[in-house]
Structures are given as C-alpha cells and as structure tokens.
$ cat data11.cif   # mmCIF, C-alpha atoms
data_upload
#
loop_
_atom_site.label_atom_id
_atom_site.label_comp_id
_atom_site.auth_asym_id
_atom_site.auth_seq_id
_atom_site.Cartn_x
_atom_site.Cartn_y
_atom_site.Cartn_z
CA MET C 143 46.49 -16.20 -206.94
CA SER C 144 47.27 -12.60 -207.77
CA LEU C 145 50.76 -11.19 -207.89
CA TYR C 146 49.78 -8.68 -205.24
CA GLY C 147 48.61 -11.54 -203.02
CA MET C 148 51.94 -13.30 -203.44
CA MET C 149 53.77 -10.13 -202.47
CA ARG C 150 51.55 -9.53 -199.41
CA THR C 151 52.17 -13.11 -198.27
CA SER C 152 55.93 -12.73 -198.57
CA VAL C 153 55.78 -9.44 -196.63
CA SER C 154 53.92 -11.19 -193.80
CA GLY C 155 56.61 -13.89 -193.90
CA MET C 156 59.39 -11.32 -193.59
CA SER C 157 57.51 -9.60 -190.76
CA ALA C 158 57.12 -12.90 -188.92
CA GLN C 159 60.81 -13.74 -189.30
CA ALA C 160 61.68 -10.23 -188.11
CA ASN C 161 59.65 -10.88 -184.94
CA LEU C 162 61.50 -14.16 -184.45
CA LEU C 163 64.83 -12.41 -184.90
CA SER C 164 63.72 -9.79 -182.36
CA THR C 165 63.15 -12.49 -179.72
CA VAL C 166 66.55 -13.98 -180.56
CA GLY C 167 68.19 -10.59 -180.07
CA ASP C 168 66.32 -10.04 -176.80
CA ASN C 169 67.27 -13.48 -175.52
CA ILE C 170 70.95 -13.18 -176.38
CA ALA C 171 71.08 -9.72 -174.77
CA ASN C 172 69.63 -11.20 -171.56
CA ALA C 173 71.68 -14.40 -171.52
CA SER C 174 73.28 -13.24 -168.25
CA THR C 175 70.24 -11.52 -166.72
CA THR C 176 69.26 -12.99 -163.35
CA GLY C 177 65.95 -14.82 -163.48
CA TYR C 178 65.29 -14.00 -167.15
CA LYS C 179 62.90 -16.31 -169.00
CA ALA C 180 63.56 -16.83 -172.72
CA ALA C 181 61.03 -15.47 -175.23
CA SER C 182 59.93 -17.37 -178.31
CA ALA C 183 57.90 -16.53 -181.44
CA ASP C 184 55.15 -18.99 -182.33
CA PHE C 185 53.96 -19.02 -185.95
CA SER C 186 50.40 -19.70 -187.16
CA SER C 187 48.93 -19.54 -190.67
CA VAL C 188 46.20 -17.18 -191.87
CA MET C 189 44.14 -18.76 -194.67
CA LEU C 190 42.01 -16.92 -197.24
CA GLN C 191 38.98 -18.54 -198.81
CA SER C 192 40.01 -20.18 -202.10
CA GLU C 193 37.86 -21.73 -204.81
CA THR C 194 40.39 -24.27 -206.01
CA SER C 195 37.88 -27.12 -205.89
CA SER C 196 35.74 -25.41 -208.51
CA GLY C 197 38.63 -24.33 -210.64
CA GLY C 198 38.92 -20.86 -209.09
CA ASP C 199 42.08 -18.98 -208.23
CA TYR C 200 44.13 -19.86 -205.16
CA GLN C 201 44.25 -17.00 -202.65
CA SER C 202 47.50 -16.93 -200.70
CA GLY C 203 47.16 -16.18 -197.03
CA ALA C 204 49.69 -14.94 -194.50
CA VAL C 205 51.52 -15.91 -191.36
CA LYS C 206 51.27 -14.28 -187.96
CA THR C 207 53.32 -14.59 -184.80
CA SER C 208 52.56 -14.59 -181.10
CA ILE C 209 55.27 -14.07 -178.48
CA SER C 210 55.42 -16.37 -175.47
CA TYR C 211 57.74 -16.67 -172.48
CA GLY C 212 58.82 -19.86 -170.71
CA ILE C 213 58.13 -18.32 -167.31
CA SER C 214 57.57 -21.69 -165.63
CA THR C 215 60.94 -23.01 -166.81
CA GLN C 216 63.46 -23.43 -163.98
CA GLY C 217 66.81 -21.73 -164.52
CA THR C 218 70.07 -23.11 -163.16
CA LEU C 219 71.15 -21.87 -159.73
CA ASP C 220 74.29 -19.76 -159.62
CA TYR C 221 75.86 -19.82 -156.14
CA THR C 222 77.29 -16.37 -155.60
CA SER C 223 78.89 -16.65 -152.13
CA LYS C 224 78.55 -12.87 -152.19
CA THR C 225 75.74 -12.29 -149.71
CA THR C 226 73.02 -14.22 -147.94
CA THR C 227 70.46 -11.83 -149.42
CA ASP C 228 71.02 -13.26 -152.91
CA LEU C 229 67.98 -15.51 -153.20
CA ALA C 230 66.81 -18.16 -155.65
CA ILE C 231 63.69 -20.30 -155.78
CA GLN C 232 64.21 -24.01 -156.33
CA GLY C 233 60.82 -25.04 -157.67
CA ASP C 234 57.54 -23.20 -158.24
CA GLY C 235 56.67 -19.72 -157.02
CA PHE C 236 57.62 -16.06 -157.31
CA PHE C 237 58.99 -13.40 -155.00
CA LEU C 238 56.40 -10.75 -154.12
CA VAL C 239 57.81 -7.30 -154.88
CA THR C 240 56.73 -3.69 -155.29
CA ASP C 241 58.19 -0.90 -157.41
CA SER C 242 58.97 2.64 -156.26
CA SER C 243 55.31 3.66 -156.69
CA GLY C 244 54.06 0.75 -154.59
CA ALA C 245 52.67 -1.27 -157.50
CA SER C 246 52.84 -5.02 -156.88
CA ALA C 247 54.59 -7.51 -159.17
CA LEU C 248 56.09 -10.99 -159.23
CA THR C 249 59.69 -11.87 -160.05
CA ARG C 250 62.24 -14.66 -159.99
CA ALA C 251 65.15 -12.19 -159.98
CA GLY C 252 66.45 -12.58 -156.44
CA ASP C 253 69.65 -10.53 -156.56
CA PHE C 254 68.63 -8.52 -153.50
CA THR C 255 70.87 -6.10 -151.65
CA GLN C 256 70.20 -3.66 -148.84
CA ASP C 257 69.25 -0.19 -150.05
CA ALA C 258 71.43 2.36 -148.26
CA SER C 259 68.70 5.00 -147.91
CA THR C 260 65.80 2.80 -146.76
CA GLY C 261 67.32 -0.41 -145.46
CA ASN C 262 64.93 -2.41 -147.65
CA LEU C 263 66.07 -5.42 -149.68
CA VAL C 264 65.97 -4.29 -153.34
CA ASN C 265 66.95 -6.20 -156.49
CA SER C 266 68.89 -4.82 -159.46
CA ALA C 267 65.67 -3.65 -161.14
CA GLY C 268 64.72 -1.57 -158.09
CA TYR C 269 61.93 -3.83 -156.80
CA ASN C 270 61.42 -4.07 -153.02
CA LEU C 271 61.15 -7.58 -151.57
CA MET C 272 57.94 -7.98 -149.56
CA GLY C 273 57.35 -10.21 -146.54
CA TYR C 274 55.52 -10.66 -143.26
CA ALA C 275 56.92 -9.03 -140.13
CA ILE C 276 57.64 -11.27 -137.12
CA SER C 277 57.24 -9.80 -133.64
CA SER C 278 59.65 -10.41 -130.76
CA ASP C 279 57.42 -13.20 -129.40
CA GLY C 280 57.63 -15.06 -132.73
CA THR C 281 54.16 -14.15 -134.04
CA VAL C 282 54.01 -13.81 -137.84
CA ASP C 283 51.76 -10.92 -138.93
CA THR C 284 50.10 -12.30 -142.07
CA THR C 285 47.56 -9.46 -142.26
CA SER C 286 49.77 -7.28 -144.47
CA LEU C 287 52.91 -7.45 -146.58
CA VAL C 288 55.71 -5.01 -145.74
CA PRO C 289 59.15 -4.37 -147.24
CA VAL C 290 61.81 -6.65 -145.78
CA ASN C 291 63.92 -4.10 -143.90
CA ILE C 292 67.23 -5.10 -142.35
CA ASP C 293 67.83 -1.77 -140.57
CA ASN C 294 64.98 -2.55 -138.16
CA ALA C 295 67.08 -5.37 -136.70
CA THR C 296 70.38 -3.57 -136.06
CA VAL C 297 69.99 -4.14 -132.29
CA THR C 298 68.35 -7.33 -131.09
CA SER C 299 67.13 -8.76 -127.79
CA ALA C 300 64.69 -11.49 -126.82
CA VAL C 301 62.42 -11.83 -123.81
CA SER C 302 62.80 -15.04 -121.83
CA THR C 303 59.57 -17.06 -122.02
CA GLU C 304 60.61 -20.70 -121.49
CA ALA C 305 63.10 -22.49 -119.26
CA THR C 306 63.88 -26.09 -118.42
CA PHE C 307 65.33 -27.11 -115.07
CA SER C 308 65.95 -30.63 -113.83
CA ALA C 309 68.01 -31.97 -110.96
CA VAL C 310 68.52 -34.97 -108.72
CA LEU C 311 67.29 -34.28 -105.17
CA PRO C 312 68.88 -36.33 -102.35
CA SER C 313 66.42 -38.76 -100.79
CA THR C 314 68.38 -38.61 -97.51
CA ALA C 315 67.69 -34.88 -97.06
CA THR C 316 65.54 -33.69 -94.14
CA SER C 317 63.25 -30.72 -93.67
CA SER C 318 65.83 -29.10 -91.38
CA ASP C 319 68.55 -29.10 -94.04
CA ASP C 320 69.45 -25.91 -95.88
CA ALA C 321 67.61 -25.27 -99.13
CA LEU C 322 69.23 -26.49 -102.34
CA THR C 323 69.60 -23.44 -104.57
CA THR C 324 70.19 -22.74 -108.27
CA SER C 325 69.82 -19.42 -110.13
CA LEU C 326 68.67 -18.83 -113.70
CA THR C 327 69.41 -15.70 -115.71
CA ALA C 328 66.38 -14.43 -117.61
CA TYR C 329 66.04 -11.39 -119.89
CA ASP C 330 63.33 -8.73 -120.00
CA ALA C 331 62.04 -6.76 -123.03
CA LEU C 332 65.02 -4.39 -122.78
CA GLY C 333 67.50 -7.24 -122.88
CA SER C 334 68.43 -6.66 -119.23
CA GLU C 335 69.46 -9.61 -117.08
CA ARG C 336 66.93 -10.70 -114.45
CA THR C 337 67.72 -13.32 -111.80
CA VAL C 338 65.30 -16.13 -110.93
CA THR C 339 66.48 -18.24 -107.98
CA LEU C 340 65.02 -21.69 -107.36
CA SER C 341 65.31 -22.98 -103.77
CA MET C 342 64.24 -26.56 -102.98
CA THR C 343 63.40 -27.74 -99.48
CA LYS C 344 62.16 -31.19 -98.42
CA ASN C 345 58.84 -31.10 -96.61
CA ALA C 346 58.54 -32.64 -93.15
CA THR C 347 55.36 -34.51 -94.05
CA ALA C 348 53.64 -35.59 -97.23
CA THR C 349 49.96 -35.17 -98.00
CA THR C 350 49.81 -38.65 -99.53
CA SER C 351 51.13 -41.77 -97.78
CA GLY C 352 54.17 -43.34 -99.43
CA THR C 353 55.24 -40.15 -101.19
CA THR C 354 57.87 -37.49 -100.58
CA GLU C 355 57.27 -33.80 -101.19
CA TRP C 356 59.65 -30.94 -101.94
CA THR C 357 58.75 -27.26 -102.09
CA VAL C 358 60.28 -25.24 -104.93
CA GLU C 359 60.43 -21.56 -104.03
CA ALA C 360 61.16 -19.06 -106.82
CA THR C 361 62.55 -15.69 -105.71
CA GLY C 362 64.52 -12.82 -107.24
CA ASP C 363 63.34 -10.44 -109.95
CA ILE C 364 59.80 -11.83 -110.03
CA ASP C 365 56.38 -10.79 -108.79
CA PRO C 366 55.01 -12.12 -106.53
CA THR C 367 58.05 -13.31 -104.65
CA PRO C 368 58.23 -16.01 -103.58
CA THR C 369 56.26 -18.12 -106.07
CA THR C 370 56.07 -21.74 -104.95
CA PHE C 371 55.35 -25.20 -106.35
CA THR C 372 55.24 -28.63 -104.69
CA LEU C 373 57.03 -31.61 -106.23
CA ILE C 374 55.64 -35.05 -105.33
CA PHE C 375 57.82 -38.18 -105.65
CA ASP C 376 56.80 -41.82 -105.28
CA SER C 377 58.82 -44.46 -103.41
CA SER C 378 61.02 -44.98 -106.49
CA GLY C 379 61.92 -41.30 -106.70
CA ASN C 380 59.78 -40.65 -109.77
CA LEU C 381 57.85 -37.40 -110.10
CA THR C 382 54.11 -38.10 -109.92
CA ASN C 383 52.85 -34.62 -110.85
CA ALA C 384 55.09 -34.12 -113.89
CA ASP C 385 52.34 -32.56 -116.01
CA ALA C 386 51.77 -29.77 -113.51
CA ALA C 387 55.52 -29.40 -112.94
CA SER C 388 56.07 -28.78 -116.65
CA ALA C 389 53.87 -25.67 -116.47
CA PHE C 390 55.31 -23.94 -113.38
CA SER C 391 55.13 -20.23 -114.21
CA VAL C 392 56.60 -17.07 -112.70
CA SER C 393 56.29 -13.40 -113.70
CA VAL C 394 59.65 -11.72 -114.38
CA THR C 395 59.72 -7.99 -113.62
CA ASN C 396 61.03 -5.35 -116.02
CA SER C 397 64.31 -3.70 -115.03
CA GLN C 398 62.89 -0.20 -115.58
CA ASP C 399 59.33 -0.70 -114.31
CA SER C 400 58.67 -3.44 -111.77
CA THR C 401 54.93 -3.26 -112.46
CA VAL C 402 55.56 -4.58 -115.97
CA THR C 403 56.13 -8.33 -116.07
CA SER C 404 56.63 -11.11 -118.61
CA ALA C 405 55.58 -14.74 -118.11
CA LEU C 406 58.33 -17.34 -117.79
CA THR C 407 57.34 -21.02 -117.83
CA ILE C 408 59.84 -23.27 -116.05
CA ASP C 409 59.57 -26.95 -116.95
CA LEU C 410 60.36 -28.99 -113.81
CA SER C 411 59.06 -32.32 -115.16
CA GLY C 412 62.57 -33.78 -115.27
CA MET C 413 63.14 -33.58 -111.51
CA THR C 414 63.92 -36.85 -109.70
CA GLN C 415 64.84 -38.04 -106.20
CA LYS C 416 67.65 -40.53 -105.54
CA ASP C 417 70.10 -41.54 -102.81
CA MET C 418 72.88 -39.25 -103.96
CA ASP C 419 74.10 -35.69 -103.63
CA TYR C 420 72.19 -32.80 -105.20
CA SER C 421 73.10 -32.57 -108.89
CA VAL C 422 71.77 -30.24 -111.60
CA LEU C 423 71.01 -32.10 -114.83
CA THR C 424 69.53 -29.38 -117.05
CA SER C 425 69.44 -25.61 -116.72
CA ASP C 426 68.33 -24.00 -119.99
CA ILE C 427 66.51 -20.74 -120.64
CA ASP C 428 65.69 -18.83 -123.82
CA GLY C 429 65.99 -15.09 -124.44
CA SER C 430 69.07 -12.97 -124.90
CA ALA C 431 70.63 -9.69 -123.89
CA ALA C 432 70.61 -6.67 -126.19
CA SER C 433 73.32 -6.99 -128.82
CA VAL C 434 74.30 -5.55 -132.19
CA LEU C 435 73.29 -7.36 -135.39
CA SER C 436 76.26 -9.06 -137.02
CA ASP C 437 74.67 -11.08 -139.82
CA ILE C 438 71.49 -12.17 -141.59
CA SER C 439 70.48 -15.74 -142.40
CA ILE C 440 67.52 -16.91 -144.49
CA ASP C 441 66.01 -20.38 -144.16
CA THR C 442 64.54 -22.51 -146.96
CA ASP C 443 61.01 -21.69 -145.74
CA GLY C 444 61.66 -17.96 -146.13
CA THR C 445 62.27 -17.11 -142.47
CA VAL C 446 64.73 -14.22 -142.15
CA TYR C 447 66.87 -14.34 -139.02
CA ALA C 448 68.94 -11.60 -137.44
CA VAL C 449 72.15 -13.04 -135.98
CA ASN C 450 73.90 -11.21 -133.16
CA ASP C 451 77.53 -11.29 -132.03
CA ASP C 452 76.84 -14.27 -129.75
CA GLY C 453 75.48 -16.32 -132.66
CA ASP C 454 71.89 -16.16 -131.39
CA GLN C 455 69.21 -16.02 -134.08
CA PHE C 456 65.99 -13.98 -134.00
CA ALA C 457 63.26 -14.38 -136.60
CA ILE C 458 62.36 -10.94 -137.99
CA PHE C 459 60.59 -11.58 -141.33
CA LYS C 460 58.88 -14.35 -143.26
CA ILE C 461 59.27 -14.24 -147.06
CA PRO C 462 56.20 -15.80 -148.73
CA LEU C 463 55.95 -16.94 -152.33
CA GLY C 464 53.23 -16.09 -154.85
CA TYR C 465 51.85 -18.48 -157.45
CA VAL C 466 49.23 -18.58 -160.20
CA THR C 467 47.51 -21.38 -162.10
CA SER C 468 49.15 -20.58 -165.47
CA PRO C 469 52.47 -18.77 -164.93
CA ASP C 470 53.40 -18.81 -168.64
CA ASN C 471 50.45 -16.47 -169.26
CA LEU C 472 51.65 -13.77 -166.85
CA THR C 473 52.21 -10.33 -168.34
CA PRO C 474 55.94 -9.41 -168.54
CA ILE C 475 56.84 -5.87 -167.45
CA THR C 476 60.05 -3.87 -167.29
CA GLY C 477 62.57 -5.11 -164.76
CA ASN C 478 62.23 -8.82 -165.38
CA ALA C 479 58.95 -8.94 -163.45
CA TYR C 480 55.38 -10.01 -164.14
CA THR C 481 51.83 -8.96 -163.36
CA VAL C 482 48.73 -11.10 -162.99
CA ASN C 483 46.01 -11.12 -165.65
CA GLN C 484 42.86 -13.07 -166.40
CA GLU C 485 44.67 -15.72 -168.45
CA SER C 486 47.25 -16.43 -165.73
CA GLY C 487 44.71 -16.86 -162.96
CA SER C 488 44.47 -14.99 -159.68
CA LEU C 489 47.42 -14.56 -157.32
CA GLN C 490 47.73 -16.97 -154.40
CA ILE C 491 50.23 -16.61 -151.55
CA GLY C 492 51.81 -19.49 -149.66
CA THR C 493 54.80 -20.55 -147.59
CA ALA C 494 58.04 -21.55 -149.27
CA ASP C 495 59.05 -25.22 -149.11
CA SER C 496 55.48 -26.37 -148.45
CA GLY C 497 52.21 -26.91 -150.30
CA GLY C 498 53.94 -27.63 -153.61
CA LEU C 499 55.91 -24.35 -153.61
CA GLY C 500 59.67 -24.29 -154.07
CA SER C 501 62.28 -23.71 -151.40
CA ILE C 502 64.27 -20.50 -151.03
CA VAL C 503 68.03 -20.87 -151.50
CA SER C 504 70.13 -18.20 -149.82
CA GLY C 505 73.44 -17.19 -151.37
CA ALA C 506 72.35 -18.10 -154.91
CA THR C 507 70.47 -16.58 -157.83
CA GLU C 508 68.53 -18.18 -160.65
CA GLY C 509 70.27 -17.90 -164.00
CA SER C 510 68.73 -16.99 -167.34
CA THR C 511 67.01 -19.82 -169.24
CA VAL C 512 68.56 -18.65 -172.54
CA ASP C 513 70.57 -21.27 -174.47
CA THR C 514 72.92 -19.12 -176.55
CA ALA C 515 73.88 -21.94 -178.93
CA SER C 516 70.21 -22.66 -179.64
CA GLU C 517 69.50 -18.97 -180.19
CA LEU C 518 72.33 -18.66 -182.72
CA THR C 519 70.99 -21.68 -184.59
CA THR C 520 67.52 -20.14 -184.65
CA MET C 521 69.02 -16.89 -185.93
CA ILE C 522 70.70 -18.66 -188.87
CA VAL C 523 67.50 -20.49 -189.82
CA SER C 524 65.41 -17.32 -189.49
CA GLN C 525 67.88 -15.36 -191.60
CA ARG C 526 67.61 -17.98 -194.37
CA ASP C 527 63.80 -17.93 -194.23
CA TYR C 528 63.71 -14.14 -194.26
CA THR C 529 65.91 -14.14 -197.36
CA ALA C 530 63.66 -16.70 -199.05
CA ASN C 531 60.58 -14.54 -198.36
CA SER C 532 62.38 -11.52 -199.77
CA LYS C 533 63.13 -13.52 -202.95
CA VAL C 534 59.40 -14.24 -203.30
CA PHE C 535 58.69 -10.52 -203.01
CA GLN C 536 61.45 -9.71 -205.51
CA THR C 537 60.05 -12.26 -207.98
CA GLY C 538 56.61 -10.68 -207.62
CA THR C 539 57.92 -7.23 -208.45
CA GLU C 540 59.77 -8.58 -211.47
CA LEU C 541 56.61 -10.28 -212.75
CA LEU C 542 54.70 -7.04 -212.26
CA ASP C 543 57.31 -5.30 -214.38
CA VAL C 544 56.74 -7.90 -217.11
CA LEU C 545 53.02 -7.30 -216.88
CA MET C 546 53.43 -3.54 -217.08
CA ASN C 547 55.75 -3.89 -220.11
CA LEU C 548 53.01 -5.68 -222.07
CA LYS C 549 51.33 -2.32 -222.56
CA ARG C 550 54.33 -0.82 -224.25
#
$ encode --input "data11.cif" --output "structure tokens"
Amino acid sequence: MSLYGMMRTSVSGMSAQANLLSTVGDNIANASTTGYKAASADFSSVMLQSETSSGGDYQSGAVKTSISYGISTQGTLDYTSKTTTDLAIQGDGFFLVTDSSGASALTRAGDFTQDASTGNLVNSAGYNLMGYAISSDGTVDTTSLVPVNIDNATVTSAVSTEATFSAVLPSTATSSDDALTTSLTAYDALGSERTVTLSMTKNATATTSGTTEWTVEATGDIDPTPTTFTLIFDSSGNLTNADAASAFSVSVTNSQDSTVTSALTIDLSGMTQKDMDYSVLTSDIDGSAASVLSDISIDTDGTVYAVNDDGDQFAIFKIPLGYVTSPDNLTPITGNAYTVNQESGSLQIGTADSGGLGSIVSGATEGSTVDTASELTTMIVSQRDYTANSKVFQTGTELLDVLMNLKR
C-alpha cells in the first residue's frame, strides 16, 4: 500500500461522511415539512486488485455513497382542523399534481388551499391538485385530469331525476269518489321549482277478475300531461305490478323552455290498498334549488362535494391516486414531489380507498418522516468518523514529510 493510496482512501472516507452529514442537514431542515420523506446515505466499498496472496502490496480502495429516500414510509397524520382541503393519504398512493408549466408530478404533501387568482387547489410548493370532473348527473369524466377548481361550484343546483311515492289507498273508495291528490316539487336544470301532481282514482272495473285497479294521473309541469299509470292490487291489497310501478316515468319541463324536458322516475312500488283512509307513507324526491356554496367536503374515496346553505351535497370532483411498483425509486424534484422513471415503474391511476390504495383523510396532513433524535445521533457518529478519516490523511502527509526528509 502506497502512502498516496492511503491518503486517497481517507479522502474518499471524508467525502462519504460529508455526504452523510449533508443528508442529516437536509433532514433536520425538513423535520416540519409536510409530506417530506427522510433521505439517507448508503455506503459501499470500492476494492482495488491486491496481490497479498503472493506477497505483493495491499492496494487500499475507497468508499462511495448513494442517496436514497424512504418514499414509501408512512408519516404520522397531523390533524389541522384548519380547512377541509388539507389532505393526507392513509396508506399507499400519491396525489397527482402539475406545476405552473403543466408538468406532471406525484406528491404526498397535501396542504392544499384555494388559489385566489384561479380557484384551483394548490399546495405550499405551488402544485395544482388534479382530479376528474363530475357532471351534474353524477357522471365521472375519467378521460382527462383537470385542476380541482372550487370556484366552479360557487352556485349549485341539481336536476330531479328520481322520486319515491307510496301511500295507502282506501279499499272502500268508488270510481265516483274525488281523486286522491298529492303534489311533488321537482327541480329543473336551472334549479327552478316544478310541480308534479299525482291524482289517484279507483277504476270502475278491473281487467283481471279478483283484482282492483287504480289510475295514477300525473299532471303539472310535465309533458305530455297527463301521464298515466295503472296500479293493480290483489284481494289482499298487495300491488301485483310492482316492478312496472317502480319505473313510472314523467318528463319535467324546463321553466324557461317548455320544449326542454328532464326524465323523472317515480317509484310507486310501495303503494298498497287497505280498509282505511288515504294516507301518504313516503314522498321523497332528489334535486335541489339553486343556492350559494357554503362549504366543501371530501370523502375518503376522493369525492369532492360542494355543500350549499341547505346542507345538500353535490359531487363536483373525484380525486384519484397514483401509484408505481417501486415508489422508493422515484426521482425527487423541487417542491417535495416526485417524477416517474424506469426504476420506479410506470404510473398507474386508481381510486382512493380501493384496490390496495390508501384512503384520503380530509382536515389532516402527513407529517415528515424525519426522526430528529436519530438524525442528531447519526451526526455525532459521522462527525467522529470524518475526524478519524482526517487523522489518516494527516498521518499520510506526515509520513510523506519523513520520506522527503530522507533526501536531505
């Protein structure tokens, strides 16, 4: 082993310890950074060919470091109680985000707030949260990812598409009695109220022996009006055509253009006939009037709801999660985010809280995985090892001085 070789080895040792100390400094600096994953320096030896078995000189090698990140390590959840748009992932997966130039990335930093200029949900690093838009009829558009924008839901309304109506019809009624009437309030695409009136009249005769028939006549803001359906009861007062009754449909007209309609299915399968006065059992209908957004709620599966003043919820976005085969091999980039590479595997997109992906927790953020006490311990050990390597280098220089002095 030459003196120069000894000195080169000690220099590589100091360089390796310096890299380790750099990760310690980076980790401690990001001990409070949302979603940060601790870095570590892994050491490996570099061996030079020696001829010690044949009595030759030993050739000292070196040490090199590689930096890795514990990206797959779950951080603790910090419940902020600040805003529902603070998001954390409990389990596997990453938020899909884009930077200001539109470049895609992955992140676990879910400290999202609404950007004042765009209305988009943006985290502290400036990344836009991406999701799937949900139309007013509840259809999720999975063909493209778009920024989750809260401003688009400042005014909400929902078209009425389904209703359930059930009642007890008096078996003692006759065909000459007045119709039994109940009105439902539906809503069109503008959020305007539309009235659908159901009038029930007992038929004089039945098409099938031993049965009783009632005609349900729907009138009001529908087209055509009236729209009718026949209820058939057996001798016990049970509805015999319940399947057809569950699919009774009318077309509700728009308040601004009566030629525009929306389908409303009224489930009448719960109707019954008994020897008692007319009594409404159920009268439910979906949809809502136009109202101003008052809040946002986010479910564990990533569904973003707009909540109006009446407490009604409307799904407006679906936040998916991205995942790769080897997350620890993702490439870290500025802003506590990551990009996909060949070693990490290709990006896959799935639904939160299903298929092995984690659930989304609203009102919380994922804390840094840095253990400050452990980092300080590592720093002390690395400082000692750095000093020891420097002593090896110092000894080498002193021996060189001795060698040089032999000439004098």
$ residues_around --input "data11.cif" --residues "C:Ser174" --least-positions-apart "6" --cutoff "9 Å" --atoms "only C-alpha atoms" --output "MDAnalysis selection string"
chainID C and resid 509:510 512
$ resolve_selection --input "data11.cif" --expression "the PyMOL selection byres ((chain C and resi 501) around 7)" --output "PDB file with C-alpha atoms, in the frame of the given file"
ATOM      1  CA  ILE C 231      63.690 -20.300-155.780  1.00  0.00           C
ATOM      2  CA  GLN C 232      64.210 -24.010-156.330  1.00  0.00           C
ATOM      3  CA  GLY C 233      60.820 -25.040-157.670  1.00  0.00           C
ATOM      4  CA  THR C 442      64.540 -22.510-146.960  1.00  0.00           C
ATOM      5  CA  ASP C 443      61.010 -21.690-145.740  1.00  0.00           C
ATOM      6  CA  ALA C 494      58.040 -21.550-149.270  1.00  0.00           C
ATOM      7  CA  ASP C 495      59.050 -25.220-149.110  1.00  0.00           C
ATOM      8  CA  LEU C 499      55.910 -24.350-153.610  1.00  0.00           C
ATOM      9  CA  GLY C 500      59.670 -24.290-154.070  1.00  0.00           C
ATOM     10  CA  ILE C 502      64.270 -20.500-151.030  1.00  0.00           C
ATOM     11  CA  VAL C 503      68.030 -20.870-151.500  1.00  0.00           C
TER      12      VAL C 503
END
$ residues_around --input "data11.cif" --residues "stretch 458-475 of chain C" --least-positions-apart "3" --cutoff "7 Å" --atoms "only C-alpha atoms" --output "ChimeraX atom specification"
/C:211-214,235-238,272-277,290,444-448,478-483,485-494
$ closest_residue --input "data11.cif" --among "C:Glu304, C:Glu508, C:Asp452, C:Asp293" --to "C:Asp220" --atoms "only C-alpha atoms"
C:Glu508
$ resolve_selection --input "data11.cif" --expression "the PyMOL selection byres ((chain C and resi 506) around 10)" --output "compact mmCIF listing (two decimals) with C-alpha atoms, keeping the file's coordinate frame"
# COMPACT_ATOMS: atom_id res chain seq x y z
CA THR C 218 70.07 -23.11 -163.16
CA LEU C 219 71.15 -21.87 -159.73
CA ASP C 220 74.29 -19.76 -159.62
CA TYR C 221 75.86 -19.82 -156.14
CA THR C 222 77.29 -16.37 -155.60
CA SER C 223 78.89 -16.65 -152.13
CA LYS C 224 78.55 -12.87 -152.19
CA THR C 225 75.74 -12.29 -149.71
CA THR C 226 73.02 -14.22 -147.94
CA THR C 227 70.46 -11.83 -149.42
CA ASP C 228 71.02 -13.26 -152.91
CA LEU C 229 67.98 -15.51 -153.20
CA ALA C 230 66.81 -18.16 -155.65
CA ILE C 231 63.69 -20.30 -155.78
CA GLY C 252 66.45 -12.58 -156.44
CA ASP C 253 69.65 -10.53 -156.56
CA ILE C 502 64.27 -20.50 -151.03
CA VAL C 503 68.03 -20.87 -151.50
CA SER C 504 70.13 -18.20 -149.82
CA GLY C 505 73.44 -17.19 -151.37
CA THR C 507 70.47 -16.58 -157.83
CA GLU C 508 68.53 -18.18 -160.65
CA GLY C 509 70.27 -17.90 -164.00
$ resolve_selection --input "data11.cif" --expression "the PyMOL selection byres ((chain C and resi 417) around 8)" --output "short mmCIF file (atom, residue, chain, number, x, y, z; two decimals) with C-alpha atoms, in the frame of the given file"
data_model
loop_
_atom_site.label_atom_id
_atom_site.label_comp_id
_atom_site.auth_asym_id
_atom_site.auth_seq_id
_atom_site.Cartn_x
_atom_site.Cartn_y
_atom_site.Cartn_z
CA PRO C 312 68.88 -36.33 -102.35
CA SER C 313 66.42 -38.76 -100.79
CA THR C 314 68.38 -38.61 -97.51
CA GLN C 415 64.84 -38.04 -106.20
CA LYS C 416 67.65 -40.53 -105.54
CA MET C 418 72.88 -39.25 -103.96
CA ASP C 419 74.10 -35.69 -103.63
#
$ atom_distance --input "data11.cif" --atom1 "atom CA of C:Leu410" --atom2 "atom CA of C:Phe390"
7.2 Å
$ residues_around --input "data11.cif" --residues "C:Thr529" --least-positions-apart "6" --cutoff "12 Å" --atoms "only C-alpha atoms" --output "ChimeraX atom specification"
/C:152-153,155-157,159-160,522-523,535-536
$ residues_around --input "data11.cif" --residues "stretch 374-384 of chain C" --least-positions-apart "2" --cutoff "10 Å" --atoms "all atoms listed in the file" --output "ChimeraX atom specification"
/C:310-313,348-357,371-372,386-389,409-417
$ atom_distance --input "data11.cif" --atom1 "atom CA of C:Leu340" --atom2 "atom CA of C:Val402"
21.4 Å
